[in-house]
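Colleague: What follows is my_file29.json, made up of JSON, C-alpha atoms:
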```
[["chain", "number", "residue", "atom", "x", "y", "z"],
["T", 17, "MET", "CA", 9.63, -9.57, -12.32],
["T", 18, "PHE", "CA", 7.33, -7.88, -14.85],
["T", 19, "PHE", "CA", 3.70, -6.97, -14.16],
["T", 20, "ARG", "CA", 0.96, -6.05, -16.61],
["T", 21, "ILE", "CA", -1.97, -4.59, -14.68],
["T", 22, "HIS", "CA", -5.38, -3.35, -15.80],
["T", 23, "HIS", "CA", -7.44, -1.63, -13.10],
["T", 24, "ARG", "CA", -10.89, -0.12, -13.66],
["T", 25, "LEU", "CA", -13.02, 1.67, -11.04],
["T", 26, "SER", "CA", -16.61, 2.64, -11.86],
["T", 27, "TYR", "CA", -18.50, 4.99, -9.54],
["T", 28, "THR", "CA", -22.27, 5.31, -9.99],
["T", 29, "TYR", "CA", -24.47, 7.90, -8.24],
["T", 30, "GLU", "CA", -28.25, 7.72, -7.81],
["T", 31, "ARG", "CA", -28.60, 11.09, -9.51],
["T", 32, "PRO", "CA", -26.18, 13.74, -10.80],
["T", 33, "VAL", "CA", -23.76, 15.06, -8.17],
["T", 34, "PHE", "CA", -20.92, 17.56, -8.09],
["T", 35, "LEU", "CA", -17.53, 15.92, -7.59],
["T", 36, "GLU", "CA", -15.04, 17.73, -5.41],
["T", 37, "PRO", "CA", -11.34, 17.60, -6.45],
["T", 38, "MET", "CA", -10.12, 14.01, -6.35],
["T", 39, "ALA", "CA", -6.66, 12.54, -5.67],
["T", 40, "LEU", "CA", -5.76, 9.53, -7.82],
["T", 41, "ARG", "CA", -2.87, 7.46, -6.44],
["T", 42, "LEU", "CA", -2.78, 4.98, -9.30],
["T", 43, "THR", "CA", 0.75, 5.64, -10.55],
["T", 44, "PRO", "CA", 3.26, 3.10, -9.18],
["T", 45, "ARG", "CA", 6.15, 4.43, -7.20],
["T", 46, "GLN", "CA", 9.50, 4.67, -9.00],
["T", 47, "ASP", "CA", 12.56, 3.95, -6.89],
["T", 48, "GLY", "CA", 15.23, 1.32, -6.38],
["T", 49, "SER", "CA", 12.63, -1.43, -6.05],
["T", 50, "GLN", "CA", 10.48, -0.84, -9.13],
["T", 51, "ARG", "CA", 10.15, 1.18, -12.33],
["T", 52, "ILE", "CA", 7.33, 2.03, -14.71],
["T", 53, "LEU", "CA", 7.69, 0.86, -18.30],
["T", 54, "GLU", "CA", 4.22, 1.97, -19.44],
["T", 55, "HIS", "CA", 1.39, 3.83, -17.73],
["T", 56, "HIS", "CA", -1.93, 5.07, -19.15],
["T", 57, "LEU", "CA", -4.64, 6.62, -16.96],
["T", 58, "ARG", "CA", -8.05, 7.69, -18.34],
["T", 59, "LEU", "CA", -11.16, 9.26, -16.86],
["T", 60, "GLU", "CA", -14.53, 9.01, -18.58],
["T", 61, "GLU", "CA", -15.82, 11.66, -19.20],
["T", 62, "ALA", "CA", -12.70, 13.82, -19.11],
["T", 63, "PRO", "CA", -12.41, 16.11, -16.05],
["T", 64, "ALA", "CA", -12.13, 19.89, -16.31],
["T", 65, "GLY", "CA", -8.49, 19.59, -15.27],
["T", 66, "LEU", "CA", -5.87, 17.02, -14.31],
["T", 67, "SER", "CA", -2.58, 17.86, -12.62],
["T", 68, "ARG", "CA", 0.32, 15.63, -11.61],
["T", 69, "VAL", "CA", 1.49, 16.28, -8.04],
["T", 70, "LEU", "CA", 4.06, 14.94, -5.59],
["T", 71, "GLU", "CA", 2.45, 14.30, -2.21],
["T", 72, "PRO", "CA", 4.12, 14.76, 1.23],
["T", 73, "ASP", "CA", 5.31, 11.15, 1.46],
["T", 74, "GLY", "CA", 6.62, 11.01, -2.10],
["T", 75, "THR", "CA", 3.53, 9.52, -3.74],
["T", 76, "ASP", "CA", 3.17, 10.38, -7.43],
["T", 77, "ALA", "CA", -0.51, 11.37, -7.66],
["T", 78, "MET", "CA", -2.91, 13.02, -10.06],
["T", 79, "VAL", "CA", -5.46, 15.60, -8.90],
["T", 80, "ALA", "CA", -8.61, 15.84, -11.01],
["T", 81, "TRP", "CA", -11.26, 18.56, -10.75],
["T", 82, "PHE", "CA", -14.68, 18.88, -12.29],
["T", 83, "GLN", "CA", -17.14, 21.59, -13.39],
["T", 84, "GLN", "CA", -20.25, 19.68, -14.47],
["T", 85, "GLU", "CA", -22.53, 17.43, -12.45],
["T", 86, "ARG", "CA", -22.44, 13.76, -13.39],
["T", 87, "ASP", "CA", -24.03, 10.50, -12.30],
["T", 88, "GLN", "CA", -21.06, 8.26, -13.02],
["T", 89, "LEU", "CA", -17.28, 8.27, -13.20],
["T", 90, "THR", "CA", -15.01, 5.57, -14.60],
["T", 91, "ILE", "CA", -11.27, 5.55, -13.97],
["T", 92, "THR", "CA", -9.11, 3.14, -15.95],
["T", 93, "VAL", "CA", -5.39, 2.59, -15.62],
["T", 94, "ASP", "CA", -3.17, 0.24, -17.62],
["T", 95, "MET", "CA", 0.43, -0.22, -16.59],
["T", 96, "LEU", "CA", 3.54, -2.25, -17.21],
["T", 97, "VAL", "CA", 5.89, -2.34, -14.22],
["T", 98, "GLU", "CA", 9.22, -4.02, -13.55],
["T", 99, "THR", "CA", 10.02, -4.92, -9.94],
["T", 100, "LEU", "CA", 13.72, -5.01, -9.19],
["T", 101, "ARG", "CA", 14.35, -6.33, -5.69],
["T", 102, "SER", "CA", 14.82, -10.11, -5.78],
["T", 103, "ASN", "CA", 16.38, -10.27, -2.29],
["T", 104, "PRO", "CA", 14.39, -8.52, 0.47],
["T", 105, "PHE", "CA", 17.30, -8.87, 2.91],
["T", 106, "ASP", "CA", 20.09, -7.19, 0.91],
["T", 107, "TRP", "CA", 20.80, -4.62, 3.62],
["T", 108, "ILE", "CA", 22.50, -4.04, 6.98],
["T", 109, "VAL", "CA", 21.61, -1.81, 9.91],
["T", 110, "THR", "CA", 24.12, 1.04, 10.01],
["T", 111, "HIS", "CA", 23.03, 2.74, 13.27],
["T", 112, "ARG", "CA", 23.64, 0.96, 16.58],
["T", 113, "GLY", "CA", 20.49, 2.40, 18.14],
["T", 114, "ALA", "CA", 18.37, 0.68, 15.49],
["T", 115, "GLN", "CA", 19.74, -2.81, 16.09],
["T", 116, "GLN", "CA", 17.88, -3.50, 19.34],
["T", 117, "LEU", "CA", 14.35, -2.72, 20.52],
["T", 118, "PRO", "CA", 13.11, -0.20, 21.34],
["T", 119, "VAL", "CA", 14.73, 1.44, 18.32],
["T", 120, "THR", "CA", 16.20, 4.93, 18.33],
["T", 121, "TYR", "CA", 17.10, 6.88, 15.17],
["T", 122, "PRO", "CA", 19.70, 9.57, 14.46],
["T", 123, "GLU", "CA", 18.16, 12.97, 15.20],
["T", 124, "ALA", "CA", 17.85, 14.11, 11.58],
["T", 125, "GLU", "CA", 16.16, 10.86, 10.51],
["T", 126, "ALA", "CA", 13.86, 10.90, 13.52],
["T", 127, "CYS", "CA", 12.61, 14.37, 12.57],
["T", 128, "SER", "CA", 11.94, 13.25, 9.00],
["T", 129, "LEU", "CA", 10.17, 10.09, 10.21],
["T", 130, "ALA", "CA", 8.03, 11.78, 12.88],
["T", 131, "GLY", "CA", 4.70, 10.97, 11.22],
["T", 132, "CYS", "CA", 5.60, 7.28, 11.06],
["T", 133, "LEU", "CA", 6.68, 7.16, 14.70],
["T", 134, "GLN", "CA", 3.49, 8.49, 16.32],
["T", 135, "ASP", "CA", 2.63, 5.83, 18.86],
["T", 136, "ARG", "CA", -1.02, 5.72, 19.93],
["T", 137, "THR", "CA", -0.88, 1.99, 20.47],
["T", 138, "ASP", "CA", -3.39, 0.31, 22.77],
["T", 139, "SER", "CA", -1.84, -1.43, 25.79],
["T", 140, "SER", "CA", -2.98, -4.85, 24.56],
["T", 141, "VAL", "CA", -1.09, -4.39, 21.27],
["T", 142, "ARG", "CA", 1.90, -2.97, 23.10],
["T", 143, "ASP", "CA", 2.08, -5.96, 25.47],
["T", 144, "TRP", "CA", 1.67, -8.41, 22.56],
["T", 145, "ALA", "CA", 4.45, -6.71, 20.60],
["T", 146, "GLN", "CA", 6.70, -6.69, 23.67],
["T", 147, "ALA", "CA", 6.25, -10.44, 24.09],
["T", 148, "ILE", "CA", 7.34, -10.98, 20.48],
["T", 149, "ALA", "CA", 10.32, -8.65, 21.03],
["T", 150, "ASP", "CA", 11.35, -10.55, 24.16],
["T", 151, "GLY", "CA", 11.10, -13.82, 22.23],
["T", 152, "VAL", "CA", 13.78, -12.66, 19.75],
["T", 153, "ASP", "CA", 16.07, -11.04, 22.39],
["T", 154, "ARG", "CA", 14.91, -7.59, 21.26],
["T", 155, "SER", "CA", 16.59, -7.89, 17.84],
["T", 156, "ALA", "CA", 14.91, -5.34, 15.56],
["T", 157, "THR", "CA", 15.41, -7.36, 12.37],
["T", 158, "ALA", "CA", 14.30, -10.65, 13.93],
["T", 159, "PHE", "CA", 11.26, -8.90, 15.41],
["T", 160, "LEU", "CA", 10.02, -7.83, 11.97],
["T", 161, "SER", "CA", 10.13, -11.35, 10.56],
["T", 162, "ALA", "CA", 8.63, -12.87, 13.71],
["T", 163, "LEU", "CA", 5.82, -10.31, 13.72],
["T", 164, "ALA", "CA", 4.91, -10.93, 10.06],
["T", 165, "ASP", "CA", 5.10, -14.69, 10.53],
["T", 166, "GLY", "CA", 3.06, -14.57, 13.74],
["T", 167, "ILE", "CA", 0.23, -12.62, 12.14],
["T", 168, "HIS", "CA", 0.23, -14.85, 9.07],
["T", 169, "HIS", "CA", 0.01, -18.10, 11.01],
["T", 170, "GLY", "CA", -1.87, -16.90, 14.09],
["T", 171, "PHE", "CA", -4.75, -14.95, 12.53],
["T", 172, "HIS", "CA", -7.79, -15.80, 10.41],
["T", 173, "HIS", "CA", -7.46, -13.86, 7.17],
["T", 174, "VAL", "CA", -10.65, -12.76, 5.42],
["T", 175, "GLY", "CA", -11.64, -10.79, 2.34],
["T", 176, "ARG", "CA", -13.55, -7.58, 3.17],
["T", 177, "LEU", "CA", -14.46, -5.35, 0.25],
["T", 178, "GLU", "CA", -15.61, -2.22, 2.12],
["T", 179, "GLY", "CA", -14.84, -0.18, 5.19],
["T", 180, "GLU", "CA", -11.96, 1.42, 7.06],
["T", 181, "PRO", "CA", -9.19, -0.74, 8.52],
["T", 182, "THR", "CA", -10.23, -2.21, 11.83],
["T", 183, "ASP", "CA", -8.60, -0.75, 14.93],
["T", 184, "ALA", "CA", -5.40, -2.64, 15.72],
["T", 185, "ALA", "CA", -6.60, -3.66, 19.20],
["T", 186, "GLU", "CA", -9.80, -5.11, 17.72],
["T", 187, "THR", "CA", -7.88, -7.05, 15.07],
["T", 188, "LEU", "CA", -5.66, -8.46, 17.81],
["T", 189, "ARG", "CA", -8.65, -9.33, 20.02],
["T", 190, "THR", "CA", -10.52, -11.21, 17.29],
["T", 191, "ARG", "CA", -7.36, -12.45, 15.53],
["T", 192, "THR", "CA", -9.30, -11.90, 12.32],
["T", 193, "GLY", "CA", -8.88, -9.35, 9.56],
["T", 194, "ALA", "CA", -8.46, -8.38, 5.94],
["T", 195, "CYS", "CA", -5.05, -7.40, 4.61],
["T", 196, "ARG", "CA", -5.56, -3.73, 5.51],
["T", 197, "ASP", "CA", -6.47, -4.70, 9.09],
["T", 198, "THR", "CA", -3.39, -6.85, 9.64],
["T", 199, "ALA", "CA", -1.22, -4.19, 7.96],
["T", 200, "MET", "CA", -2.42, -1.61, 10.47],
["T", 201, "LEU", "CA", -1.80, -4.04, 13.34],
["T", 202, "PHE", "CA", 1.74, -4.59, 12.05],
["T", 203, "VAL", "CA", 2.29, -0.81, 11.87],
["T", 204, "ALA", "CA", 0.98, -0.29, 15.42],
["T", 205, "ALA", "CA", 3.13, -3.09, 16.84],
["T", 206, "CYS", "CA", 6.23, -1.67, 15.15],
["T", 207, "ARG", "CA", 5.61, 1.86, 16.40],
["T", 208, "SER", "CA", 5.19, 0.56, 19.95],
["T", 209, "GLN", "CA", 8.81, -0.64, 19.68],
["T", 210, "GLY", "CA", 10.10, 2.67, 18.29],
["T", 211, "LEU", "CA", 10.18, 1.47, 14.68],
["T", 212, "ALA", "CA", 9.03, 3.93, 12.00],
["T", 213, "ALA", "CA", 6.27, 2.18, 10.05],
["T", 214, "ARG", "CA", 3.70, 3.13, 7.43],
["T", 215, "PHE", "CA", 0.75, 1.69, 5.49],
["T", 216, "VAL", "CA", 1.20, 0.60, 1.85],
["T", 217, "SER", "CA", -1.33, -0.05, -0.90],
["T", 218, "GLY", "CA", -0.69, -1.74, -4.22],
["T", 219, "TYR", "CA", -0.84, -5.11, -5.95],
["T", 220, "SER", "CA", 0.65, -8.53, -5.27],
["T", 221, "MET", "CA", 1.25, -11.53, -7.51],
["T", 222, "HIS", "CA", 0.77, -13.76, -4.47],
["T", 223, "HIS", "CA", -2.86, -14.80, -4.29],
["T", 224, "PRO", "CA", -4.12, -15.01, -0.68],
["T", 225, "PRO", "CA", -6.39, -18.05, -0.20],
["T", 226, "GLU", "CA", -9.21, -15.90, 1.19],
["T", 227, "VAL", "CA", -9.39, -13.91, -2.08],
["T", 228, "SER", "CA", -11.11, -15.41, -5.12],
["T", 229, "GLU", "CA", -9.91, -12.76, -7.60],
["T", 230, "HIS", "CA", -7.26, -10.06, -7.81],
["T", 231, "GLU", "CA", -7.88, -7.09, -5.54],
["T", 232, "LEU", "CA", -5.92, -4.17, -4.22],
["T", 233, "HIS", "CA", -3.55, -5.36, -1.53],
["T", 234, "ALA", "CA", -2.21, -3.73, 1.64],
["T", 235, "TRP", "CA", 0.94, -4.31, 3.64],
["T", 236, "ALA", "CA", 3.47, -2.27, 5.66],
["T", 237, "GLU", "CA", 6.87, -0.67, 5.30],
["T", 238, "VAL", "CA", 9.40, -0.19, 8.09],
["T", 239, "TYR", "CA", 12.40, 2.15, 8.05],
["T", 240, "LEU", "CA", 15.83, 1.09, 9.33],
["T", 241, "PRO", "CA", 19.07, 3.04, 8.78],
["T", 242, "GLY", "CA", 21.08, 1.23, 6.13],
["T", 243, "GLY", "CA", 18.04, -0.57, 4.77],
["T", 244, "GLY", "CA", 15.72, 2.37, 4.12],
["T", 245, "TRP", "CA", 12.05, 1.55, 3.71],
["T", 246, "ARG", "CA", 11.47, -2.21, 3.57],
["T", 247, "GLY", "CA", 8.16, -3.96, 3.02],
["T", 248, "PHE", "CA", 6.63, -6.68, 5.19],
["T", 249, "ASP", "CA", 3.37, -8.40, 4.31],
["T", 250, "PRO", "CA", 1.76, -9.84, 7.45],
["T", 251, "SER", "CA", -1.23, -11.35, 5.64],
["T", 252, "LEU", "CA", 1.21, -13.45, 3.60],
["T", 253, "GLY", "CA", 3.89, -13.74, 6.27],
["T", 254, "LEU", "CA", 6.80, -12.56, 4.17],
["T", 255, "ALA", "CA", 9.33, -9.81, 3.58],
["T", 256, "VAL", "CA", 8.40, -8.02, 0.37],
["T", 257, "ALA", "CA", 10.65, -8.58, -2.64],
["T", 258, "ASP", "CA", 9.73, -8.42, -6.33],
["T", 259, "GLY", "CA", 6.24, -9.93, -6.03],
["T", 260, "HIS", "CA", 4.55, -6.67, -5.01],
["T", 261, "VAL", "CA", 3.89, -3.40, -6.90],
["T", 262, "ILE", "CA", 3.65, -0.30, -4.71],
["T", 263, "LEU", "CA", 1.17, 2.46, -5.48],
["T", 264, "ALA", "CA", 1.36, 4.59, -2.34],
["T", 265, "ALA", "CA", 2.71, 4.57, 1.20],
["T", 266, "ALA", "CA", 1.90, 6.95, 4.06],
["T", 267, "PRO", "CA", 1.79, 7.07, 7.87],
["T", 268, "ASP", "CA", -2.00, 7.58, 7.65],
["T", 269, "HIS", "CA", -3.79, 4.95, 5.56],
["T", 270, "HIS", "CA", -6.12, 7.62, 4.14],
["T", 271, "LEU", "CA", -3.14, 9.12, 2.29],
["T", 272, "ALA", "CA", -2.30, 5.74, 0.75],
["T", 273, "ALA", "CA", -5.81, 5.17, -0.63],
["T", 274, "PRO", "CA", -5.69, 4.73, -4.44],
["T", 275, "VAL", "CA", -8.57, 7.21, -4.82],
["T", 276, "SER", "CA", -9.61, 9.95, -2.36],
["T", 277, "GLY", "CA", -12.46, 12.36, -2.96],
["T", 278, "ARG", "CA", -15.92, 13.60, -1.99],
["T", 279, "TYR", "CA", -19.10, 14.55, -3.79],
["T", 280, "ARG", "CA", -21.94, 16.99, -3.09],
["T", 281, "GLY", "CA", -25.49, 15.70, -3.32],
["T", 282, "THR", "CA", -27.93, 15.65, -0.43],
["T", 283, "GLY", "CA", -29.17, 12.16, 0.28],
["T", 284, "VAL", "CA", -27.57, 10.71, -2.85],
["T", 285, "GLY", "CA", -26.23, 7.19, -2.57],
["T", 286, "SER", "CA", -23.30, 5.80, -4.55],
["T", 287, "SER", "CA", -21.80, 2.46, -5.49],
["T", 288, "LEU", "CA", -18.41, 1.25, -6.69],
["T", 289, "ALA", "CA", -17.58, -1.60, -9.05],
["T", 290, "TYR", "CA", -14.01, -2.53, -9.88],
["T", 291, "LEU", "CA", -11.98, -4.91, -11.98],
["T", 292, "ILE", "CA", -8.30, -5.81, -11.63],
["T", 293, "ARG", "CA", -6.51, -8.01, -14.14],
["T", 294, "LEU", "CA", -2.93, -8.83, -13.20],
["T", 295, "GLN", "CA", -0.31, -10.84, -15.05],
["T", 296, "ALA", "CA", 3.20, -11.44, -13.76],
["T", 297, "ALA", "CA", 6.15, -13.10, -15.46],
["T", 298, "GLU", "CA", 9.92, -13.20, -15.29],
["T", 299, "GLU", "CA", 10.25, -12.27, -18.97],
["T", 300, "LEU", "CA", 8.44, -9.55, -20.94],
["T", 301, "GLY", "CA", 7.83, -11.96, -23.79],
["T", 302, "ALA", "CA", 5.60, -14.06, -21.55],
["T", 303, "LEU", "CA", 3.30, -11.02, -21.26],
["T", 304, "GLY", "CA", 3.26, -10.48, -25.01],
["T", 305, "VAL", "CA", 5.50, -7.42, -24.77],
["T", 306, "PRO", "CA", 8.56, -6.87, -27.00],
["T", 307, "PRO", "CA", 11.86, -6.58, -25.09],
["T", 308, "GLN", "CA", 12.55, -3.04, -23.84],
["T", 309, "PRO", "CA", 15.69, -1.18, -24.99],
["T", 310, "MET", "CA", 18.48, -1.00, -22.45],
["T", 311, "ILE", "CA", 18.58, 2.26, -20.51],
["T", 312, "PRO", "CA", 22.12, 3.52, -19.77],
["T", 313, "SER", "CA", 22.86, 3.82, -16.06]]
```
When written as structure tokens, how does the structure in this file appear?

Modeller:
Amino acid sequence: MFFRIHHRLSYTYERPVFLEPMALRLTPRQDGSQRILEHHLRLEEAPAGLSRVLEPDGTDAMVAWFQQERDQLTITVDMLVETLRSNPFDWIVTHRGAQQLPVTYPEAEACSLAGCLQDRTDSSVRDWAQAIADGVDRSATAFLSALADGIHHGFHHVGRLEGEPTDAAETLRTRTGACRDTAMLFVAACRSQGLAARFVSGYSMHHPPEVSEHELHAWAEVYLPGGGWRGFDPSLGLAVADGHVILAAAPDHHLAAPVSGRYRGTGVGSSLAYLIRLQAAEELGALGVPPQPMIPS
């Protein structure tokens, strides 16, 4: 699947402020599931400096820093991305301890995954996850599909433009949430069963009924030996294939935010306006793009 995406973020401040260094996670991940064909990121006005960095969880980010005060900042990114995974289940579990719940990992992998295994799950979420696990005879792979399907069909999904993800226990109690809320609930439920899970931000071609226009989307990834990191979208109730474009993934949702930064200005308010235009097609020609040359493997 091919995606053409235009994303503009416009920050406005009540009076000039000083912007602290800012992390921009607006470059899609490049791996076995997707590749970048074109990518253009612009800041208006230009920052004092812009450096490309690789973050702890493998996110390809840009760090911008500033010297002059300003009362607005506009970030624009245009990208062309090809997603490559048509079958989300093209994998097997290669470690016996990861076939049944609660999952255990080989020692080396467990050390690497430590941040995604931290289990601070509320007892209500733990009990709910255990009931789902018992319902699938503690099969790790069946649990993931049942969990995504259960959240999709059993919760009221809403659009919420602002704010942190709701605590997983609160999302479970109200059975209501935006995509970032249900993603965090999915992560918490997985971790309670020993599954390494993390928060993902990006874009989806699937248009949730509670959303009237394209927005950033959130879902989860789970790690299983033999499958690696695999996406599950609880707000849509599906295993992620080629209909999603990943920007960033991290055990802490703050580190998967497309933009992170602060500003200095006592008592100064700010506002954010954004626009996302997304086109998806199976052929480049349908997006008005000439065919790309073949890249030798």

Colleague: May I have the protein, DNA and RNA residues with an atom at most 12 Å from (9.5, -5.1, -9.1), counting all atoms listed in the file in the file's coordinates, returned as a ChimeraX atom specification?

Modeller: /T:17-20,44-53,96-104,218-221,256-263,296-298

Colleague: Using all atoms listed in the file for the distances, tell me which of T:Ala265, T:Leu66, T:Met38, T:Leu117 is nearest to T:Asp150.

Modeller: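 Residue with the minimum atom-to-atom distance to T:Asp150: T:Leu117.
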
Colleague: Considering all atoms listed in the file, state which residue in the set T:Glu186, T:Asp165, T:Asp106, T:Glu85 is at the smallest distance from T:Val33.

Modeller: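 Between T:Glu186, T:Asp165, T:Asp106, T:Glu85, the residue approaching T:Val33 most closely is T:Glu85.
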
Colleague: Give me, as a list in words, all polymer residues having an atom no more than 6 Å from T:Leu25, counting only C-alpha atoms and skipping those fewer than 6 positions away in the same chain.

Modeller: Thr90, Ile91, Ala289 and Tyr290 of chain T

Colleague: Env of T:Gly170: 12 Å cut, atoms = all atoms listed in the file, seq-sep filter 6 positions within chain, self excluded. Answer as a list in words.

Modeller: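 Neighbouring residues, sequence-local ones excluded: Ala162, Leu163, Ala164, Thr187, Leu188, Arg189, Thr190, Arg191, Thr192, Gly193, Thr198, Pro250, Ser251, Leu252 and Gly253 of chain T.
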
Colleague: Ranking T:Leu89, T:Met95, T:Val203, T:Ala158 by minimum distance to T:Ala266 and counting all atoms listed in the file, which one comes first?

Modeller: T:Val203

Colleague: Considering all atoms listed in the file, can you say which of T:Arg24, T:His269, T:His222, T:Arg136 comes closest to T:Leu254?

Modeller: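 Once distances to T:Leu254 are computed over all atoms listed in the file, the minimum belongs to T:His222.
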
Colleague: For the point (-10.0, 10.1, -14.5) in file coordinates, what residues are within 10 Å, counting only C-alpha atoms? Give the answer as an mmCIF file with C-alpha atoms, keeping the file's coordinate frame?

Modeller:
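Everything below was put into part.cif:
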```cif
data_model
loop_
_atom_site.group_PDB
_atom_site.id
_atom_site.type_symbol
_atom_site.label_atom_id
_atom_site.label_comp_id
_atom_site.auth_asym_id
_atom_site.auth_seq_id
_atom_site.Cartn_x
_atom_site.Cartn_y
_atom_site.Cartn_z
ATOM 1 C CA LEU T 25 -13.020 1.670 -11.040
ATOM 2 C CA MET T 38 -10.120 14.010 -6.350
ATOM 3 C CA ALA T 39 -6.660 12.540 -5.670
ATOM 4 C CA LEU T 40 -5.760 9.530 -7.820
ATOM 5 C CA LEU T 57 -4.640 6.620 -16.960
ATOM 6 C CA ARG T 58 -8.050 7.690 -18.340
ATOM 7 C CA LEU T 59 -11.160 9.260 -16.860
ATOM 8 C CA GLU T 60 -14.530 9.010 -18.580
ATOM 9 C CA GLU T 61 -15.820 11.660 -19.200
ATOM 10 C CA ALA T 62 -12.700 13.820 -19.110
ATOM 11 C CA PRO T 63 -12.410 16.110 -16.050
ATOM 12 C CA GLY T 65 -8.490 19.590 -15.270
ATOM 13 C CA LEU T 66 -5.870 17.020 -14.310
ATOM 14 C CA MET T 78 -2.910 13.020 -10.060
ATOM 15 C CA VAL T 79 -5.460 15.600 -8.900
ATOM 16 C CA ALA T 80 -8.610 15.840 -11.010
ATOM 17 C CA TRP T 81 -11.260 18.560 -10.750
ATOM 18 C CA LEU T 89 -17.280 8.270 -13.200
ATOM 19 C CA THR T 90 -15.010 5.570 -14.600
ATOM 20 C CA ILE T 91 -11.270 5.550 -13.970
ATOM 21 C CA THR T 92 -9.110 3.140 -15.950
ATOM 22 C CA VAL T 93 -5.390 2.590 -15.620
#
```

Colleague: What is the atom CA of T:Pro274 to atom CA of T:Arg41 distance in Å?

Modeller: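 The value is 4.4 Å.
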
Colleague: Can you tell me, as a ChimeraX atom specification, what residues are no more than 7 Å from T:Ala145 when counting all atoms listed in the file, ignoring any on the same chain fewer than 4 positions away?

Modeller: /T:141,149,205
